[in-house]
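Shown below: final17.cif, with mmCIF, C-alpha atoms.
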```
data_start
#
loop_
_atom_site.label_atom_id
_atom_site.label_comp_id
_atom_site.auth_asym_id
_atom_site.auth_seq_id
_atom_site.Cartn_x
_atom_site.Cartn_y
_atom_site.Cartn_z
CA MET A 9 -145.14 93.32 -38.87
CA MET A 10 -143.84 95.35 -41.81
CA LEU A 11 -143.28 98.41 -39.59
CA TYR A 12 -141.20 96.43 -37.11
CA PHE A 13 -139.28 94.69 -39.88
CA ALA A 14 -138.46 98.11 -41.35
CA ALA A 15 -137.29 99.33 -37.93
CA LEU A 16 -135.19 96.19 -37.43
CA ALA A 17 -133.60 96.51 -40.87
CA ALA A 18 -132.84 100.21 -40.30
CA ASN A 19 -131.20 99.36 -36.98
CA LEU A 20 -128.87 96.91 -38.70
CA GLY A 21 -127.26 100.08 -40.04
CA MET A 22 -126.90 101.36 -36.46
CA ILE A 23 -125.34 98.04 -35.39
CA SER A 24 -122.88 98.54 -38.24
CA ALA A 25 -122.11 102.03 -36.91
CA GLY A 26 -121.60 100.57 -33.44
CA LEU A 27 -119.00 98.16 -34.81
CA PHE A 28 -116.84 101.13 -35.79
CA PHE A 29 -117.00 102.56 -32.26
CA GLY A 30 -116.13 99.23 -30.65
CA TRP A 31 -113.28 98.33 -33.04
CA SER A 32 -110.62 100.46 -31.33
CA SER A 33 -110.77 98.81 -27.91
CA PRO A 34 -109.71 95.26 -28.92
CA SER A 35 -107.69 96.28 -31.99
CA LEU A 36 -105.37 99.01 -30.71
CA PRO A 37 -103.69 96.75 -28.11
CA LEU A 38 -102.92 94.27 -30.93
CA LEU A 39 -101.65 96.97 -33.27
CA THR A 40 -99.25 98.40 -30.67
CA LYS A 41 -97.62 95.03 -29.87
CA MET A 42 -94.06 94.44 -31.02
CA ASP A 43 -95.09 91.55 -33.28
CA SER A 44 -97.91 93.51 -34.97
CA PRO A 45 -97.72 93.57 -38.81
CA ILE A 46 -98.40 97.31 -38.51
CA LYS A 47 -96.53 98.39 -35.40
CA LEU A 48 -98.19 101.57 -34.14
CA THR A 49 -96.70 104.01 -31.67
CA SER A 50 -99.01 105.39 -28.98
CA ASN A 51 -99.31 108.62 -30.98
CA GLU A 52 -100.19 106.75 -34.18
CA ALA A 53 -102.74 104.66 -32.27
CA SER A 54 -104.41 107.82 -30.96
CA TRP A 55 -104.71 109.11 -34.55
CA VAL A 56 -106.26 105.82 -35.66
CA ALA A 57 -108.81 106.09 -32.85
CA SER A 58 -109.60 109.79 -33.23
CA LEU A 59 -109.69 110.30 -37.02
CA PHE A 60 -112.89 108.29 -37.06
CA ASN A 61 -114.66 111.32 -35.60
CA ILE A 62 -113.41 113.62 -38.35
CA GLY A 63 -114.98 111.24 -40.85
CA ALA A 64 -118.21 111.17 -38.85
CA SER A 65 -118.43 114.98 -39.08
CA ILE A 66 -117.98 114.74 -42.86
CA GLY A 67 -120.71 112.08 -42.95
CA ALA A 68 -123.10 114.33 -41.02
CA VAL A 69 -122.56 117.20 -43.46
CA LEU A 70 -122.99 114.90 -46.47
CA SER A 71 -126.16 113.53 -44.93
CA SER A 72 -127.66 117.02 -44.51
CA LEU A 73 -127.00 117.70 -48.20
CA MET A 74 -128.44 114.37 -49.37
CA ILE A 75 -131.32 113.61 -47.04
CA HIS A 76 -133.95 115.93 -48.57
CA LYS A 77 -132.90 115.63 -52.22
CA LEU A 78 -132.19 111.90 -52.39
CA GLY A 79 -134.40 110.81 -49.51
CA ARG A 80 -133.88 109.06 -46.19
CA LYS A 81 -133.69 105.56 -47.66
CA THR A 82 -131.12 106.37 -50.36
CA THR A 83 -128.94 108.30 -47.91
CA MET A 84 -128.99 105.38 -45.49
CA LEU A 85 -128.07 102.96 -48.28
CA PHE A 86 -125.22 105.27 -49.26
CA SER A 87 -123.59 104.53 -45.88
CA VAL A 88 -122.98 100.95 -47.04
CA LEU A 89 -120.31 102.07 -49.55
CA PRO A 90 -117.93 103.75 -47.07
CA SER A 91 -118.63 100.92 -44.58
CA ILE A 92 -117.44 98.26 -47.02
CA PHE A 93 -114.45 100.27 -48.26
CA GLY A 94 -113.45 101.16 -44.71
CA TRP A 95 -113.40 97.58 -43.47
CA LEU A 96 -111.58 96.33 -46.59
CA ILE A 97 -108.82 98.93 -46.17
CA ILE A 98 -108.39 97.93 -42.51
CA ALA A 99 -108.23 94.25 -43.47
CA PHE A 100 -105.47 94.75 -46.04
CA ALA A 101 -103.61 97.75 -44.55
CA VAL A 102 -99.82 97.51 -44.33
CA ALA A 103 -99.01 101.03 -43.09
CA PRO A 104 -100.37 103.45 -40.46
CA TRP A 105 -101.53 106.00 -43.05
CA GLN A 106 -103.81 103.40 -44.60
CA LEU A 107 -105.47 102.88 -41.21
CA TYR A 108 -105.88 106.66 -40.93
CA ILE A 109 -107.74 106.76 -44.25
CA SER A 110 -109.85 103.73 -43.38
CA ARG A 111 -111.00 105.26 -40.10
CA ILE A 112 -112.02 108.50 -41.82
CA ILE A 113 -114.02 106.48 -44.36
CA CYS A 114 -115.62 104.41 -41.58
CA GLY A 115 -116.49 107.66 -39.81
CA ILE A 116 -118.30 108.92 -42.92
CA ALA A 117 -120.48 105.80 -42.82
CA SER A 118 -121.22 106.22 -39.12
CA GLY A 119 -121.96 109.95 -39.37
CA THR A 120 -124.39 109.30 -42.22
CA SER A 121 -126.20 106.59 -40.25
CA TYR A 122 -126.48 108.64 -37.07
CA SER A 123 -127.81 111.65 -38.98
CA THR A 124 -130.36 109.81 -41.12
CA THR A 125 -131.67 106.74 -39.29
CA PRO A 126 -133.50 108.71 -36.54
CA ALA A 127 -135.33 110.71 -39.22
CA TYR A 128 -136.32 107.53 -41.08
CA LEU A 129 -137.63 105.79 -37.97
CA GLY A 130 -139.45 108.91 -36.78
CA GLU A 131 -141.24 109.32 -40.11
CA ILE A 132 -142.37 105.70 -40.52
CA SER A 133 -143.56 105.27 -36.92
CA PRO A 134 -147.04 106.06 -35.55
CA PRO A 135 -146.99 108.15 -32.33
CA ASN A 136 -147.84 105.24 -30.01
CA VAL A 137 -144.60 103.33 -30.79
CA ARG A 138 -142.31 106.15 -31.88
CA GLY A 139 -140.54 106.32 -28.54
CA ILE A 140 -139.91 102.58 -28.38
CA LEU A 141 -138.62 102.36 -31.94
CA GLY A 142 -136.47 105.46 -31.42
CA SER A 143 -134.85 103.96 -28.31
CA MET A 144 -133.72 101.01 -30.42
CA LEU A 145 -131.08 103.25 -32.01
CA THR A 146 -128.85 103.51 -28.95
CA VAL A 147 -129.34 99.85 -28.03
CA SER A 148 -128.37 98.79 -31.58
CA ALA A 149 -125.21 100.91 -31.55
CA LYS A 150 -124.22 99.48 -28.13
CA PHE A 151 -124.87 95.96 -29.44
CA GLY A 152 -122.51 96.63 -32.34
CA MET A 153 -119.83 97.71 -29.87
CA LEU A 154 -120.38 94.56 -27.83
CA LEU A 155 -119.91 92.37 -30.91
CA GLU A 156 -116.45 93.91 -31.44
CA TYR A 157 -115.61 93.39 -27.75
CA LEU A 158 -116.69 89.73 -28.00
CA ILE A 159 -114.90 88.87 -31.25
CA GLY A 160 -111.96 91.29 -31.47
CA PRO A 161 -109.66 89.91 -28.75
CA PHE A 162 -109.76 86.38 -30.19
CA VAL A 163 -109.04 87.05 -33.88
CA THR A 164 -106.52 89.05 -35.89
CA VAL A 165 -107.18 92.65 -36.86
CA LYS A 166 -107.61 91.53 -40.47
CA ASN A 167 -110.14 88.82 -39.62
CA LEU A 168 -112.09 91.16 -37.33
CA ALA A 169 -112.45 93.62 -40.21
CA LEU A 170 -113.61 90.89 -42.59
CA ILE A 171 -116.13 89.58 -40.05
CA SER A 172 -117.39 93.13 -39.42
CA LEU A 173 -117.94 93.48 -43.16
CA ILE A 174 -120.91 91.10 -42.87
CA MET A 175 -123.09 93.65 -41.06
CA PRO A 176 -123.27 96.45 -43.71
CA ILE A 177 -123.86 93.79 -46.38
CA LEU A 178 -126.69 92.32 -44.31
CA PHE A 179 -128.13 95.83 -43.86
CA LEU A 180 -128.03 96.38 -47.63
CA ILE A 181 -129.74 93.07 -48.41
CA THR A 182 -132.61 93.66 -45.97
CA PHE A 183 -133.13 97.41 -46.21
CA ILE A 184 -133.05 97.90 -49.98
CA TRP A 185 -136.54 96.36 -50.33
CA LEU A 186 -138.22 98.72 -47.86
CA PRO A 187 -140.19 101.85 -48.79
CA GLU A 188 -139.15 105.49 -48.53
CA THR A 189 -140.92 107.42 -45.76
CA PRO A 190 -144.33 108.90 -46.65
CA TYR A 191 -143.14 112.30 -45.36
CA GLN A 192 -140.26 112.37 -47.83
CA LEU A 193 -142.44 111.25 -50.75
CA ILE A 194 -144.99 114.01 -50.03
CA ARG A 195 -142.14 116.55 -49.87
CA LEU A 196 -141.24 115.41 -53.38
CA GLY A 197 -144.85 115.76 -54.51
CA GLN A 198 -145.35 112.00 -54.92
CA MET A 199 -148.73 111.61 -53.19
CA LYS A 200 -149.61 108.23 -54.72
CA ASN A 201 -146.23 106.74 -53.78
CA ALA A 202 -146.58 108.20 -50.28
CA GLU A 203 -149.94 106.48 -49.89
CA LYS A 204 -148.51 103.18 -51.15
CA SER A 205 -145.63 103.49 -48.68
CA LEU A 206 -147.99 104.10 -45.76
CA ILE A 207 -150.29 101.24 -46.80
CA LYS A 208 -147.27 98.91 -46.85
CA LEU A 209 -146.00 100.10 -43.46
CA ARG A 210 -149.40 100.04 -41.74
CA GLU A 211 -150.57 96.89 -43.56
CA LYS A 212 -154.05 98.32 -44.12
CA ASN A 213 -155.77 99.85 -47.14
CA ASP A 214 -157.40 102.92 -45.57
CA VAL A 215 -154.70 105.41 -44.55
CA SER A 216 -156.46 108.55 -45.75
CA GLU A 217 -156.64 110.23 -42.33
CA GLU A 218 -152.95 109.73 -41.57
CA ILE A 219 -151.97 110.88 -45.05
CA LYS A 220 -153.86 114.15 -44.47
CA ILE A 221 -152.02 114.71 -41.18
CA ILE A 222 -148.65 114.05 -42.81
CA GLU A 223 -149.47 116.35 -45.73
CA GLN A 224 -150.41 119.18 -43.36
CA SER A 225 -147.21 118.67 -41.37
CA VAL A 226 -145.10 118.90 -44.53
CA LYS A 227 -146.93 122.09 -45.58
CA ASN A 228 -146.20 123.64 -42.19
CA ASP A 229 -142.51 122.81 -42.61
CA PHE A 230 -142.34 124.66 -45.90
CA SER A 231 -144.21 127.69 -44.57
CA ASN A 232 -141.93 128.23 -41.55
CA GLY A 233 -138.71 128.52 -43.53
CA ASN A 234 -135.46 126.72 -42.77
CA GLU A 235 -132.66 129.27 -43.21
CA MET A 236 -129.56 128.75 -41.07
CA ARG A 237 -129.84 132.25 -39.56
CA ILE A 238 -133.15 131.29 -37.90
CA ILE A 239 -131.22 128.96 -35.59
CA PHE A 240 -128.98 131.74 -34.26
CA CYS A 241 -131.15 134.87 -34.49
CA ILE A 242 -134.34 133.72 -32.74
CA PRO A 243 -133.80 133.56 -28.93
CA GLY A 244 -135.84 130.39 -28.40
CA ASN A 245 -133.96 128.52 -31.11
CA ARG A 246 -130.68 129.88 -29.79
CA ARG A 247 -131.46 128.56 -26.31
CA ALA A 248 -132.29 125.14 -27.81
CA LEU A 249 -128.94 125.14 -29.61
CA ILE A 250 -126.96 126.18 -26.51
CA THR A 251 -128.77 123.52 -24.47
CA CYS A 252 -128.01 120.74 -26.94
CA LEU A 253 -124.41 121.79 -27.54
CA GLY A 254 -123.90 122.12 -23.77
CA LEU A 255 -125.23 118.62 -23.13
CA LEU A 256 -123.05 117.19 -25.89
CA LEU A 257 -120.05 119.01 -24.41
CA ILE A 258 -120.74 117.42 -21.02
CA GLN A 259 -121.30 114.04 -22.66
CA GLN A 260 -117.93 114.06 -24.39
CA MET A 261 -115.86 115.86 -21.76
CA SER A 262 -116.99 113.38 -19.12
CA GLY A 263 -114.53 111.06 -20.92
CA SER A 264 -116.95 108.74 -22.68
CA GLN A 265 -115.07 108.25 -25.93
CA ALA A 266 -111.72 107.77 -24.18
CA VAL A 267 -113.28 105.01 -22.07
CA VAL A 268 -114.88 103.36 -25.12
CA ALA A 269 -111.78 103.59 -27.35
CA TYR A 270 -109.24 102.58 -24.70
CA ALA A 271 -111.35 100.40 -22.38
CA GLN A 272 -109.21 97.29 -22.73
CA LYS A 273 -105.94 99.20 -22.29
CA ILE A 274 -107.31 101.01 -19.22
CA PHE A 275 -108.41 97.73 -17.65
CA ASP A 276 -105.04 96.12 -18.39
CA LYS A 277 -103.26 99.08 -16.81
CA SER A 278 -105.37 98.83 -13.64
CA ASN A 279 -103.93 95.38 -12.76
CA SER A 280 -107.37 94.32 -11.57
CA GLY A 281 -106.62 90.59 -11.68
CA LEU A 282 -108.92 89.86 -14.63
CA GLU A 283 -107.77 90.32 -18.21
CA GLY A 284 -108.92 93.54 -19.89
CA ILE A 285 -110.57 91.65 -22.74
CA TYR A 286 -113.02 89.97 -20.37
CA LEU A 287 -113.70 93.12 -18.37
CA THR A 288 -114.41 94.95 -21.63
CA ILE A 289 -116.93 92.28 -22.65
CA ILE A 290 -118.66 92.63 -19.28
CA LEU A 291 -118.62 96.39 -19.86
CA GLY A 292 -120.38 95.97 -23.22
CA VAL A 293 -123.10 93.77 -21.72
CA ILE A 294 -123.68 96.28 -18.92
CA GLN A 295 -124.03 99.12 -21.45
CA ILE A 296 -126.83 97.34 -23.29
CA ILE A 297 -128.72 96.35 -20.13
CA VAL A 298 -128.55 99.82 -18.59
CA THR A 299 -129.46 101.53 -21.88
CA ILE A 300 -132.58 99.37 -22.15
CA ILE A 301 -133.54 100.15 -18.54
CA SER A 302 -132.96 103.86 -19.16
CA GLY A 303 -135.33 103.75 -22.13
CA PHE A 304 -138.10 102.43 -19.89
CA ILE A 305 -137.63 104.90 -17.01
CA THR A 306 -136.87 108.14 -18.89
CA ASP A 307 -140.52 109.09 -19.36
CA ARG A 308 -141.29 108.36 -15.70
CA ILE A 309 -138.39 110.18 -14.04
CA GLY A 310 -137.89 113.06 -16.47
CA ARG A 311 -134.93 114.28 -18.53
CA ARG A 312 -133.33 116.73 -16.08
CA PRO A 313 -133.27 114.46 -12.97
CA LEU A 314 -131.85 111.60 -15.02
CA LEU A 315 -129.22 113.86 -16.59
CA ILE A 316 -128.20 115.22 -13.17
CA LEU A 317 -127.98 111.70 -11.69
CA SER A 318 -126.02 110.45 -14.70
CA THR A 319 -123.53 113.33 -14.66
CA LEU A 320 -123.04 113.15 -10.89
CA GLY A 321 -122.40 109.41 -11.15
CA CYS A 322 -119.88 109.99 -13.95
CA ALA A 323 -118.04 112.60 -11.84
CA ILE A 324 -117.81 110.22 -8.86
CA SER A 325 -116.71 107.30 -11.07
CA THR A 326 -113.94 109.13 -12.92
CA GLY A 327 -112.87 110.68 -9.61
CA ILE A 328 -112.39 107.17 -8.18
CA VAL A 329 -110.30 106.16 -11.21
CA ALA A 330 -108.20 109.35 -10.98
CA ILE A 331 -107.51 108.83 -7.26
CA TYR A 332 -106.52 105.18 -7.80
CA PHE A 333 -104.05 105.92 -10.59
CA HIS A 334 -102.60 108.87 -8.67
CA LEU A 335 -102.03 106.71 -5.58
CA ASN A 336 -100.64 103.97 -7.81
CA TYR A 337 -98.17 106.52 -9.21
CA LEU A 338 -97.09 107.55 -5.70
CA MET A 339 -97.11 104.06 -4.12
CA LYS A 340 -96.43 101.23 -6.54
CA GLU A 341 -97.38 98.58 -3.96
CA ILE A 342 -101.14 99.25 -4.28
CA ASN A 343 -101.33 97.25 -7.51
CA GLU A 344 -103.33 94.56 -5.71
CA PHE A 345 -106.15 97.11 -5.39
CA GLY A 346 -106.48 97.50 -9.15
CA TRP A 347 -110.03 96.23 -8.94
CA ILE A 348 -110.95 99.69 -7.62
CA ALA A 349 -110.16 101.25 -11.02
CA ALA A 350 -112.13 98.50 -12.77
CA VAL A 351 -115.10 99.21 -10.50
CA GLY A 352 -114.76 102.94 -11.23
CA ILE A 353 -114.84 102.36 -15.00
CA THR A 354 -117.82 100.01 -14.65
CA MET A 355 -119.67 102.56 -12.50
CA TYR A 356 -118.93 105.18 -15.12
CA ILE A 357 -120.47 103.09 -17.90
CA ILE A 358 -123.58 102.42 -15.77
CA PHE A 359 -124.18 106.09 -14.92
CA TYR A 360 -123.22 107.28 -18.41
CA SER A 361 -125.66 104.85 -20.05
CA PHE A 362 -128.48 105.99 -17.76
CA GLY A 363 -128.57 109.53 -19.16
CA LEU A 364 -125.63 111.16 -20.86
CA SER A 365 -125.36 108.46 -23.52
CA GLY A 366 -128.74 108.92 -25.18
CA LEU A 367 -130.66 111.86 -23.71
CA PRO A 368 -128.67 114.67 -25.41
CA PHE A 369 -129.56 113.16 -28.80
CA ALA A 370 -133.18 112.65 -27.75
CA MET A 371 -133.42 116.30 -26.71
CA ILE A 372 -132.14 117.42 -30.12
CA GLY A 373 -135.34 115.93 -31.53
CA GLU A 374 -137.47 117.57 -28.83
CA LEU A 375 -136.05 121.10 -28.56
CA PHE A 376 -135.73 122.13 -32.22
CA PRO A 377 -138.81 122.95 -34.34
CA THR A 378 -139.31 120.78 -37.40
CA ASN A 379 -138.33 123.45 -39.93
CA ILE A 380 -134.74 123.74 -38.61
CA LYS A 381 -134.30 120.26 -37.14
CA ALA A 382 -132.16 118.90 -40.00
CA LYS A 383 -129.69 121.80 -39.99
CA SER A 384 -129.61 121.96 -36.19
CA SER A 385 -128.94 118.22 -35.98
CA THR A 386 -126.04 118.56 -38.42
CA ILE A 387 -124.49 121.34 -36.31
CA CYS A 388 -124.83 119.18 -33.20
CA ILE A 389 -123.41 116.03 -34.80
CA VAL A 390 -120.42 117.87 -36.28
CA PHE A 391 -119.83 119.48 -32.87
CA VAL A 392 -120.02 116.20 -30.94
CA ASN A 393 -117.65 114.46 -33.34
CA PHE A 394 -115.17 117.32 -33.11
CA LEU A 395 -115.28 117.04 -29.32
CA SER A 396 -114.93 113.27 -29.51
CA PHE A 397 -111.84 113.69 -31.69
CA ILE A 398 -110.33 116.07 -29.14
CA VAL A 399 -111.09 113.77 -26.19
CA ILE A 400 -109.67 110.63 -27.82
CA LYS A 401 -106.56 112.44 -29.07
CA THR A 402 -105.82 114.31 -25.84
CA TYR A 403 -106.37 111.21 -23.68
CA GLN A 404 -103.27 109.56 -25.10
CA ILE A 405 -101.27 112.81 -24.85
CA LEU A 406 -102.28 113.31 -21.19
CA ASN A 407 -101.57 109.64 -20.49
CA ASP A 408 -98.09 109.80 -22.05
CA PHE A 409 -96.90 113.12 -20.60
CA LEU A 410 -98.80 113.66 -17.33
CA GLY A 411 -100.27 110.29 -16.43
CA ILE A 412 -103.68 108.69 -16.78
CA GLN A 413 -104.79 110.21 -13.46
CA PHE A 414 -104.71 113.73 -14.93
CA ALA A 415 -106.98 112.70 -17.82
CA PHE A 416 -109.58 111.34 -15.42
CA LEU A 417 -109.25 114.33 -13.12
CA LEU A 418 -110.09 116.56 -16.09
CA TYR A 419 -113.15 114.44 -16.91
CA THR A 420 -114.28 114.68 -13.27
CA LEU A 421 -114.04 118.48 -13.22
CA CYS A 422 -115.95 118.74 -16.51
CA SER A 423 -118.74 116.54 -15.14
CA VAL A 424 -119.01 118.74 -12.03
CA GLY A 425 -119.36 121.80 -14.27
CA GLY A 426 -121.94 119.90 -16.29
CA ILE A 427 -124.15 119.34 -13.24
CA ILE A 428 -124.29 123.12 -12.67
CA PHE A 429 -125.21 123.72 -16.33
CA ILE A 430 -128.02 121.15 -16.27
CA ILE A 431 -129.51 122.48 -13.01
CA PHE A 432 -129.59 126.13 -14.04
CA TYR A 433 -130.07 126.06 -17.82
CA VAL A 434 -131.50 122.84 -19.27
CA PRO A 435 -135.33 122.85 -19.59
CA GLU A 436 -137.47 119.83 -18.75
CA THR A 437 -139.21 118.33 -21.79
CA ASN A 438 -140.73 115.23 -20.25
CA GLY A 439 -144.51 114.89 -20.64
CA LYS A 440 -144.80 117.94 -22.88
CA THR A 441 -145.93 118.06 -26.49
CA LEU A 442 -143.48 119.41 -29.04
CA GLN A 443 -145.72 122.44 -29.43
CA HIS A 444 -145.68 123.09 -25.65
CA ILE A 445 -141.88 122.87 -25.61
CA GLN A 446 -141.66 125.47 -28.38
CA GLU A 447 -144.07 127.77 -26.56
CA GLU A 448 -141.92 127.64 -23.42
CA LEU A 449 -138.69 128.27 -25.33
CA HIS A 450 -140.16 131.27 -27.16
CA LYS A 451 -142.40 132.69 -24.42
CA ASN A 452 -140.16 135.68 -23.61
CA GLU A 453 -139.71 136.78 -27.21
CA LYS A 454 -141.23 140.05 -28.29
CA LYS A 455 -144.19 139.66 -30.61
#
```
Now, as a test, write the supplied structure out as structure tokens.
Amino acid sequence: MMLYFAALAANLGMISAGLFFGWSSPSLPLLTKMDSPIKLTSNEASWVASLFNIGASIGAVLSSLMIHKLGRKTTMLFSVLPSIFGWLIIAFAVAPWQLYISRIICGIASGTSYSTTPAYLGEISPPNVRGILGSMLTVSAKFGMLLEYLIGPFVTVKNLALISLIMPILFLITFIWLPETPYQLIRLGQMKNAEKSLIKLREKNDVSEEIKIIEQSVKNDFSNGNEMRIIFCIPGNRRALITCLGLLLIQQMSGSQAVVAYAQKIFDKSNSGLEGIYLTIILGVIQIIVTIISGFITDRIGRRPLLILSTLGCAISTGIVAIYFHLNYLMKEINEFGWIAAVGITMYIIFYSFGLSGLPFAMIGELFPTNIKAKSSTICIVFVNFLSFIVIKTYQILNDFLGIQFAFLLYTLCSVGGIIFIIFYVPETNGKTLQHIQEELHKNEKK
């Protein structure tokens, strides 16, 4: 029970991170209304949405500096501070620049959580449940987004921020009592504390065999070195990096963050006959259901087939949306067919959640050897947040100057290019041990 309570408490931090992602969709339409206390222009709204990702990159870098010295637990608890400050600034903001600052601070909290929570869960979990507990991360983040979709449209921006403040406080109250990971304690030379931690997590007194395995793993980490140059100079590591960065590029350039940040506005613009707030709630429920299903079928189908299916589905979905809005631009009388755009967006979320949403992050943990995993993960998280910033910011620019159809046409073309990349470059990792994956990545290197 203690192990699952620890996983649940850790995932409260991921729910908190999900709140930040979901906040934009119900809040930006309110902030751009004429009667808003902080009247935002479309350009200012795009900055509010996109600056979050700059903060997330900062959070990822801070996490990489803190995680080994201060530990996984302390780094995760650190995320509570920017979470609380971020929500308080949003609640009492009276000018756009204050919202800018708040979103950067919120991003720091999210980037820290995304960088640290997977490591914590991976190091407290035995192999037989590691996959299940790891899949909780994406589900928790999606659940946080859904909470914002459910509450946001029916309260003020201030009240939504104050309500959202409950989650990081709840995370702090529950998580502060839990132990540091045994891996981290052994890295610090605290063998007795590591044993106590493992006894508490496993709820049994004899953990000597597992402690020996963990100790050997930590020794191997130290012996392999962890310099940054190893990532770029060794061909196998370089291929792992290109694969992960390529998948993250496809993930973001398929339009995911634009859909998440502007879902309600897109639905309202489609004239589908049902208010955007309700369609967005349906969207959030679908995300969670499909993400859970994906977690169960990934190991059966394989990474590459699921990624290809997901990317192909995203290309078709955004293509449908692009065609609808282009025809709507040419022939205004097709407004009664707005449901087609709503169906396209819903299809996109279904296909995106099946593969592109979680698998690129899962493959970061599979493709990189342990000795460079922390630094490699930081590179990937900074990269994905930079891309997310670009996508969210350029969506509004494309929408304002060229039309929403051009934004979705761009996402369609990027998804088509992504299918080619996955087919010809991305290795299959399903059913292989981490050691086997490394052997395949490095098999052509000269000895």
Write out as a PDB file with C-alpha atoms, in the coordinates of the input the residues lying within 12 Å of A:Leu78, counting only C-alpha atoms and excluding same-chain residues fewer than 3 positions away.
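Output contents, as saved in result.pdb:
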```
ATOM      1  CA  LEU A  70    -122.990 114.900 -46.470  1.00  0.00           C
ATOM      2  CA  SER A  71    -126.160 113.530 -44.930  1.00  0.00           C
ATOM      3  CA  SER A  72    -127.660 117.020 -44.510  1.00  0.00           C
ATOM      4  CA  LEU A  73    -127.000 117.700 -48.200  1.00  0.00           C
ATOM      5  CA  MET A  74    -128.440 114.370 -49.370  1.00  0.00           C
ATOM      6  CA  ILE A  75    -131.320 113.610 -47.040  1.00  0.00           C
ATOM      7  CA  LYS A  81    -133.690 105.560 -47.660  1.00  0.00           C
ATOM      8  CA  THR A  82    -131.120 106.370 -50.360  1.00  0.00           C
ATOM      9  CA  THR A  83    -128.940 108.300 -47.910  1.00  0.00           C
ATOM     10  CA  MET A  84    -128.990 105.380 -45.490  1.00  0.00           C
ATOM     11  CA  LEU A  85    -128.070 102.960 -48.280  1.00  0.00           C
ATOM     12  CA  PHE A  86    -125.220 105.270 -49.260  1.00  0.00           C
ATOM     13  CA  THR A 124    -130.360 109.810 -41.120  1.00  0.00           C
ATOM     14  CA  GLU A 188    -139.150 105.490 -48.530  1.00  0.00           C
ATOM     15  CA  THR A 189    -140.920 107.420 -45.760  1.00  0.00           C
ATOM     16  CA  GLN A 192    -140.260 112.370 -47.830  1.00  0.00           C
ATOM     17  CA  LEU A 193    -142.440 111.250 -50.750  1.00  0.00           C
ATOM     18  CA  ARG A 195    -142.140 116.550 -49.870  1.00  0.00           C
ATOM     19  CA  LEU A 196    -141.240 115.410 -53.380  1.00  0.00           C
TER      20      LEU A 196
END
```
Could you list, as an MDAnalysis selection string, every residue matched by the PyMOL selection byres ((chain A and resi 367) around 9) in this structure?
chainID A and resid 255 306 311 314:315 362:366 368:372
Near-stretch 206-210 of chain A list (12 Å; all atoms listed in the file; drop same-chain fewer than 5 positions) as an MDAnalysis selection string
chainID A and resid 9:15 129 131:134 185:194 199:201 215:220 222
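When atom CA of A:Phe240 is paired with atom CA of A:Phe376, their separation reads 11.9 Å.
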Residues picked by the PyMOL selection byres ((chain A and resi 119) around 8) here, as a ChimeraX atom specification?
/A:63-68,71,115-118,120-123,389
So that I have them on file, write out the residues from the current selection with C-alpha atoms, as a PDB file, keeping the file's coordinate frame.
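Contents of selection-v7.pdb, as written:
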```pdb
ATOM      1  CA  GLY A  63    -114.980 111.240 -40.850  1.00  0.00           C
ATOM      2  CA  ALA A  64    -118.210 111.170 -38.850  1.00  0.00           C
ATOM      3  CA  SER A  65    -118.430 114.980 -39.080  1.00  0.00           C
ATOM      4  CA  ILE A  66    -117.980 114.740 -42.860  1.00  0.00           C
ATOM      5  CA  GLY A  67    -120.710 112.080 -42.950  1.00  0.00           C
ATOM      6  CA  ALA A  68    -123.100 114.330 -41.020  1.00  0.00           C
ATOM      7  CA  SER A  71    -126.160 113.530 -44.930  1.00  0.00           C
ATOM      8  CA  GLY A 115    -116.490 107.660 -39.810  1.00  0.00           C
ATOM      9  CA  ILE A 116    -118.300 108.920 -42.920  1.00  0.00           C
ATOM     10  CA  ALA A 117    -120.480 105.800 -42.820  1.00  0.00           C
ATOM     11  CA  SER A 118    -121.220 106.220 -39.120  1.00  0.00           C
ATOM     12  CA  THR A 120    -124.390 109.300 -42.220  1.00  0.00           C
ATOM     13  CA  SER A 121    -126.200 106.590 -40.250  1.00  0.00           C
ATOM     14  CA  TYR A 122    -126.480 108.640 -37.070  1.00  0.00           C
ATOM     15  CA  SER A 123    -127.810 111.650 -38.980  1.00  0.00           C
ATOM     16  CA  ILE A 389    -123.410 116.030 -34.800  1.00  0.00           C
TER      17      ILE A 389
END
```
Show me, as a list in words, the residues that have an atom within 8 Å of stretch 170-174 of chain A when counting only C-alpha atoms, minus same-chain residues fewer than 3 positions from it.
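Returned residues: Ser24, Leu27, Ser91, Ile92, Trp95, Leu96, Ala99, Lys166, Asn167, Ile177 and Leu178 of chain A.
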Which value, in Å to one decimal, gives the distance between atom CA of A:Cys322 and atom CA of A:Gly426?
10.4 Å
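Taking atom CA of A:Ser264 as the reference point, atom CA of A:Lys41 is found at 24.8 Å.
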Do you know which residues lie at most 10 Å from (-106.9, 113.5, -21.3), with coordinates as in the file and all atoms listed in the file counted, and could you write them as JSON, numbers by chain?
{"A": [261, 263, 266, 398, 399, 400, 401, 402, 403, 404, 405, 406, 407, 408, 410, 411, 412, 413, 414, 415, 416, 417, 418, 419]}
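The nearest approach to A:Gln265 among the residues A:Val56, A:Leu38, A:Ile98, A:Leu395, with all atoms listed in the file taken into account, belongs to A:Leu395.
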Which residue out of A:Ile159, A:Ala350, A:Leu291, A:Ile431 has the minimum interatomic distance to A:Trp31 when only C-alpha atoms are used?
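For A:Trp31, the nearest of the candidates is A:Ile159.
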What residues come out when you apply the PyMOL selection byres ((chain A and resi 30) around 12) to this file, written as a PyMOL selection string?
chain A and resi 23-29+31-36+57+60+149-161+168-169+172+265-272+288-289+291-292
